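Notes follow the structure.
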Amino acid sequence: MTTLSVSFFKKHIHRFLRKERVIFLITTTSASIATIFAFLTVLFFLHQALLLQTRLSIHVQKQLHLAQEQLTSLQQGNQYKRNQDLQKTIQQIEDTYGKTSSVYESLIELKLQTTDTKDLDARFAAILFLLSKRNYSSASADITSLTSDINQQTQQLAAKSAPAVNTNAAPANTIPPTSGYSQQTVTTDTGTFVISLIAADLHSTRVLVDTASTGDCSNNCPVLPLATYAQRSSAYAAINGTFFCPAEYPSCTGKIGSFDTLLMNKNKVYFNSANNIYSTVPLVYFTGSTMGVRTASSQWGRDTSVDSVIAMQPLLILSNQIVYGSSNDTKFTNKGTRDFIANKGNTVYIGVIYNANMTDSAHVLHTMGMDNGLNLDEGGSSALWLNGQYIVGPGRNIPNAILFVRK
């Protein structure tokens, strides 16, 4: 009860008492003294209750005021400030570590293409020195600069490594082959690109997925060269499969060699089922003479009657339309080799697009009239195998691969 309400009740009690005193004088001869005494007793206890309520209200208000003063004092105290500063420092360390890990992984990918990285190596070492001195601001600025230079050099190497445009080896042609191997130049609204691709008729070819491990693996998982996968399954063509965690990546500590997307291998074993129940990662599957698509892994059960299932991202083409939008990830926006699996009717294609980013890759497949197209791992993992030899690669050892096997 508030102070205002207590005052209000006091006022009316006093009025009531004055009124009752007049009545008492008039009716003394007829009123029961016992009744009057009881009435006054009730009024007395009511008055005492109101006084107690007032004291409690004042006490509570004082306690609340004291608690507020203590909170303000704590917030303004040295310990509170130290905790706030510590939290900011921890966040700064986490952010800088993430950037350092990312730039190191980009440097590793660059080293797979060239040995001329001495200057970049020295700059990275200088960043590590700044971090050891807890100079996070300077380290972060240097990381940004180093990342930009690594990306620029990576794109320059990608352009140099691409087969020459408009040569006999890569004639201009936007129509994909109906069978066998082709290297051709495709002009799209985002540029001109060279593509190496292998076509197979699904009436005579089974598309299988092979894995280095026999079941789910979360760390120190086995990896194999693409050639090994092809040879042990008597495949005439093969390409690398899903994204995974290479041993040389700092961010892969504790999950080396693992991949986390849904997959069914040639032995009808499903991988990563538990963490793909609600997954939005798209997948393709092969059965009979058909390549099917699901835009999210969560839409797929655990059917073992099909030949193979592999989930990857992003989905580039769906029903002959570009469905890939954009990304802020430099691994998608930088130029480089882009690996894919696609189909046009009952013909399935595996291949590599050179000196392209993810948007370019989608436009190349669309220009060639593909019905559906899914991105595969790229960069240092890129490898394409045909009839006993590498067309691209060999690339790093990988945990899974896509194979063309004759029926």
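Each chain of the structure tokens is named A, B, ... in the order shown, its residues numbered from 1; ligands are numbered from 1 in display order.
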Mind checking which residues fall within 7 Å of Thr337 in chain A, counting only C-alpha atoms, ignoring those fewer than 6 positions away in the same chain, and posting them as a CSV table (one decimal) with N, CA and C atoms, in the first residue's frame?
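Output (result-v4.csv):
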```
chain,number,residue,atom,x,y,z
A,352,VAL,N,35.6,-29.2,-64.3
A,352,VAL,CA,36.3,-28.1,-63.6
A,352,VAL,C,36.2,-26.9,-64.5
A,353,ILE,N,35.8,-25.8,-64.0
A,353,ILE,CA,35.8,-24.5,-64.6
A,353,ILE,C,37.0,-23.7,-64.1
A,354,TYR,N,37.8,-23.1,-65.0
A,354,TYR,CA,39.0,-22.5,-64.6
A,354,TYR,C,38.8,-21.0,-64.4
A,355,ASN,N,39.6,-20.4,-63.5
A,355,ASN,CA,39.6,-19.0,-63.2
A,355,ASN,C,38.2,-18.4,-63.1
A,356,ALA,N,37.4,-19.0,-62.3
A,356,ALA,CA,36.0,-18.6,-62.1
A,356,ALA,C,35.7,-18.5,-60.6
A,378,GLU,N,36.9,-27.5,-54.1
A,378,GLU,CA,37.8,-27.0,-55.1
A,378,GLU,C,39.1,-26.6,-54.5
A,379,GLY,N,39.8,-25.7,-55.2
A,379,GLY,CA,41.1,-25.2,-54.7
A,379,GLY,C,42.1,-26.3,-54.7
```
Find the residues around Val309 in chain A up to 8 Å (only C-alpha atoms counted), leave out those fewer than 5 positions away in its own chain, and share them as a VMD selection string. chain A and resid 209 262 to 265 283 to 286
Could those residues be written to a file, using N, CA and C atoms, as a PDB file, in the first residue's frame?
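Result saved to result_4.pdb:
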```pdb
ATOM      1  N   VAL A 209      29.630 -43.164 -55.048  1.00  0.00           N
ATOM      2  CA  VAL A 209      30.436 -42.354 -54.136  1.00  0.00           C
ATOM      3  C   VAL A 209      31.237 -43.309 -53.258  1.00  0.00           C
ATOM      4  N   LEU A 262      25.638 -34.951 -45.572  1.00  0.00           N
ATOM      5  CA  LEU A 262      25.047 -36.275 -45.765  1.00  0.00           C
ATOM      6  C   LEU A 262      25.642 -36.960 -46.995  1.00  0.00           C
ATOM      7  N   LEU A 263      25.842 -38.268 -46.894  1.00  0.00           N
ATOM      8  CA  LEU A 263      26.435 -39.016 -48.011  1.00  0.00           C
ATOM      9  C   LEU A 263      26.093 -40.495 -47.845  1.00  0.00           C
ATOM     10  N   MET A 264      25.819 -41.163 -48.956  1.00  0.00           N
ATOM     11  CA  MET A 264      25.694 -42.620 -48.951  1.00  0.00           C
ATOM     12  C   MET A 264      26.734 -43.166 -49.913  1.00  0.00           C
ATOM     13  N   ASN A 265      27.613 -44.038 -49.403  1.00  0.00           N
ATOM     14  CA  ASN A 265      28.679 -44.540 -50.269  1.00  0.00           C
ATOM     15  C   ASN A 265      28.242 -45.786 -51.050  1.00  0.00           C
ATOM     16  N   LEU A 283      21.390 -31.729 -51.934  1.00  0.00           N
ATOM     17  CA  LEU A 283      22.038 -32.984 -52.318  1.00  0.00           C
ATOM     18  C   LEU A 283      21.571 -33.434 -53.687  1.00  0.00           C
ATOM     19  N   VAL A 284      22.367 -34.302 -54.286  1.00  0.00           N
ATOM     20  CA  VAL A 284      21.973 -34.997 -55.518  1.00  0.00           C
ATOM     21  C   VAL A 284      22.050 -36.493 -55.259  1.00  0.00           C
ATOM     22  N   TYR A 285      21.212 -37.241 -55.954  1.00  0.00           N
ATOM     23  CA  TYR A 285      21.236 -38.700 -55.828  1.00  0.00           C
ATOM     24  C   TYR A 285      21.102 -39.303 -57.223  1.00  0.00           C
ATOM     25  N   PHE A 286      21.563 -40.527 -57.343  1.00  0.00           N
ATOM     26  CA  PHE A 286      21.541 -41.219 -58.636  1.00  0.00           C
ATOM     27  C   PHE A 286      20.868 -42.566 -58.478  1.00  0.00           C
TER      28      PHE A 286
END
```
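Distances from A:Asn334, A:Ser381, A:Asn135, A:Ser196 to Ile398 in chain A were compared using only C-alpha atoms, and the smallest one belongs to A:Ser381.
As for CA of Phe244 in chain A and CA of Ile310 in chain A, they are spaced 13.2 Å apart.
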I need the residues of range 124-353 of chain A that end up classed as alpha helix (DSSP H) by DSSP on the backbone, written out as JSON, numbers by chain. {"A": [124, 125, 126, 127, 128, 129, 130, 131, 132, 136, 137, 138, 139, 140, 141, 142, 143, 144, 145, 146, 147, 148, 149, 150, 151, 152, 153, 154, 155, 156, 157, 158, 159, 160, 161, 226, 227, 228, 229, 230, 231, 232, 330, 331, 332, 333]}
Looking only at the backbone, which of the residues in range 62-294 of chain A does DSSP tag as strand (DSSP E), as a VMD selection string? chain A and resid 180 to 188 191 to 201 205 to 211 237 to 240 263 to 264 270 to 271 283 to 287 290 to 294
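Between Phe259 in chain A and the residues A:Pro171, A:Gly98, A:Pro246, A:Gly395, the shortest atom-to-atom distance, using only C-alpha atoms, involves A:Pro246.
Remark: for Pro177 in chain A, the closest of the candidate residues A:Gly288, A:Gly351, A:Pro399, A:Gly393 is A:Gly351 (distances computed over only C-alpha atoms).
Nearest to Asn346 in chain A of all the residues A:Thr330, A:Thr89, A:Thr205, A:Ser234 is A:Thr205, counting only C-alpha atoms.
You will find CA of Leu131 in chain A at 15.8 Å from CA of Lys88 in chain A.
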Pick out the residues sitting within 10 Å of Glu109 in chain A, and hand them over as a ChimeraX atom specification; count only C-alpha atoms, and ignore anything fewer than 6 positions along from it in its own chain. /A:103,150,154,248-249,379-381
Take the selection from the previous step and output its residues with C-alpha atoms, as a compact mmCIF listing (two decimals), in the first residue's frame.
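Dumped to again01.txt:
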```txt
# COMPACT_ATOMS: atom_id res chain seq x y z
CA VAL A 103 44.47 -15.91 -43.63
CA ILE A 150 46.99 -13.27 -50.93
CA THR A 154 45.69 -16.30 -55.91
CA GLU A 248 47.05 -28.35 -42.34
CA TYR A 249 44.14 -26.03 -41.44
CA GLY A 379 41.08 -25.20 -54.70
CA GLY A 380 43.78 -27.53 -53.37
CA SER A 381 41.34 -30.45 -53.52
```
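Between CA of Asn372 in chain A and CA of Leu318 in chain A the separation is 4.6 Å.
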Ser138 in chain A: which residues within 12 Å, counting only C-alpha atoms, same-chain residues fewer than 6 positions away excluded, as a ChimeraX atom specification? /A:92,96,126-132,144-145
Keeping only C-alpha atoms, take the residues you just selected and write them out as an mmCIF file, in the first residue's frame.
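Dumped everything to out.cif:
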```cif
data_model
loop_
_atom_site.group_PDB
_atom_site.id
_atom_site.type_symbol
_atom_site.label_atom_id
_atom_site.label_comp_id
_atom_site.auth_asym_id
_atom_site.auth_seq_id
_atom_site.Cartn_x
_atom_site.Cartn_y
_atom_site.Cartn_z
ATOM 1 C CA GLN A 92 39.263 -9.053 -29.520
ATOM 2 C CA THR A 96 41.848 -11.774 -34.270
ATOM 3 C CA ALA A 126 55.291 -10.610 -38.212
ATOM 4 C CA ILE A 127 51.576 -10.889 -37.450
ATOM 5 C CA LEU A 128 52.259 -13.775 -35.084
ATOM 6 C CA PHE A 129 54.879 -11.636 -33.333
ATOM 7 C CA LEU A 130 52.344 -8.822 -32.854
ATOM 8 C CA LEU A 131 49.879 -11.305 -31.418
ATOM 9 C CA SER A 132 52.510 -12.589 -28.986
ATOM 10 C CA THR A 144 43.447 -7.377 -43.562
ATOM 11 C CA SER A 145 46.282 -6.195 -45.778
#
```
Residues within 7 Å of Asn240 in chain A, please, as a PyMOL selection string. Count only C-alpha atoms; anything in the same chain fewer than 3 positions from it doesn't count. chain A and resi 226+377+381-383+400-402
Hey, which of A:Gln321, A:Arg338, A:Lys268, A:Gln113 ends up closest to Met370 in chain A? Count only C-alpha atoms. A:Gln321
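Taking only C-alpha atoms into account, Thr359 in chain A lies nearest to A:Ser326 out of the set A:Gln153, A:Gln91, A:Thr185, A:Ser326.
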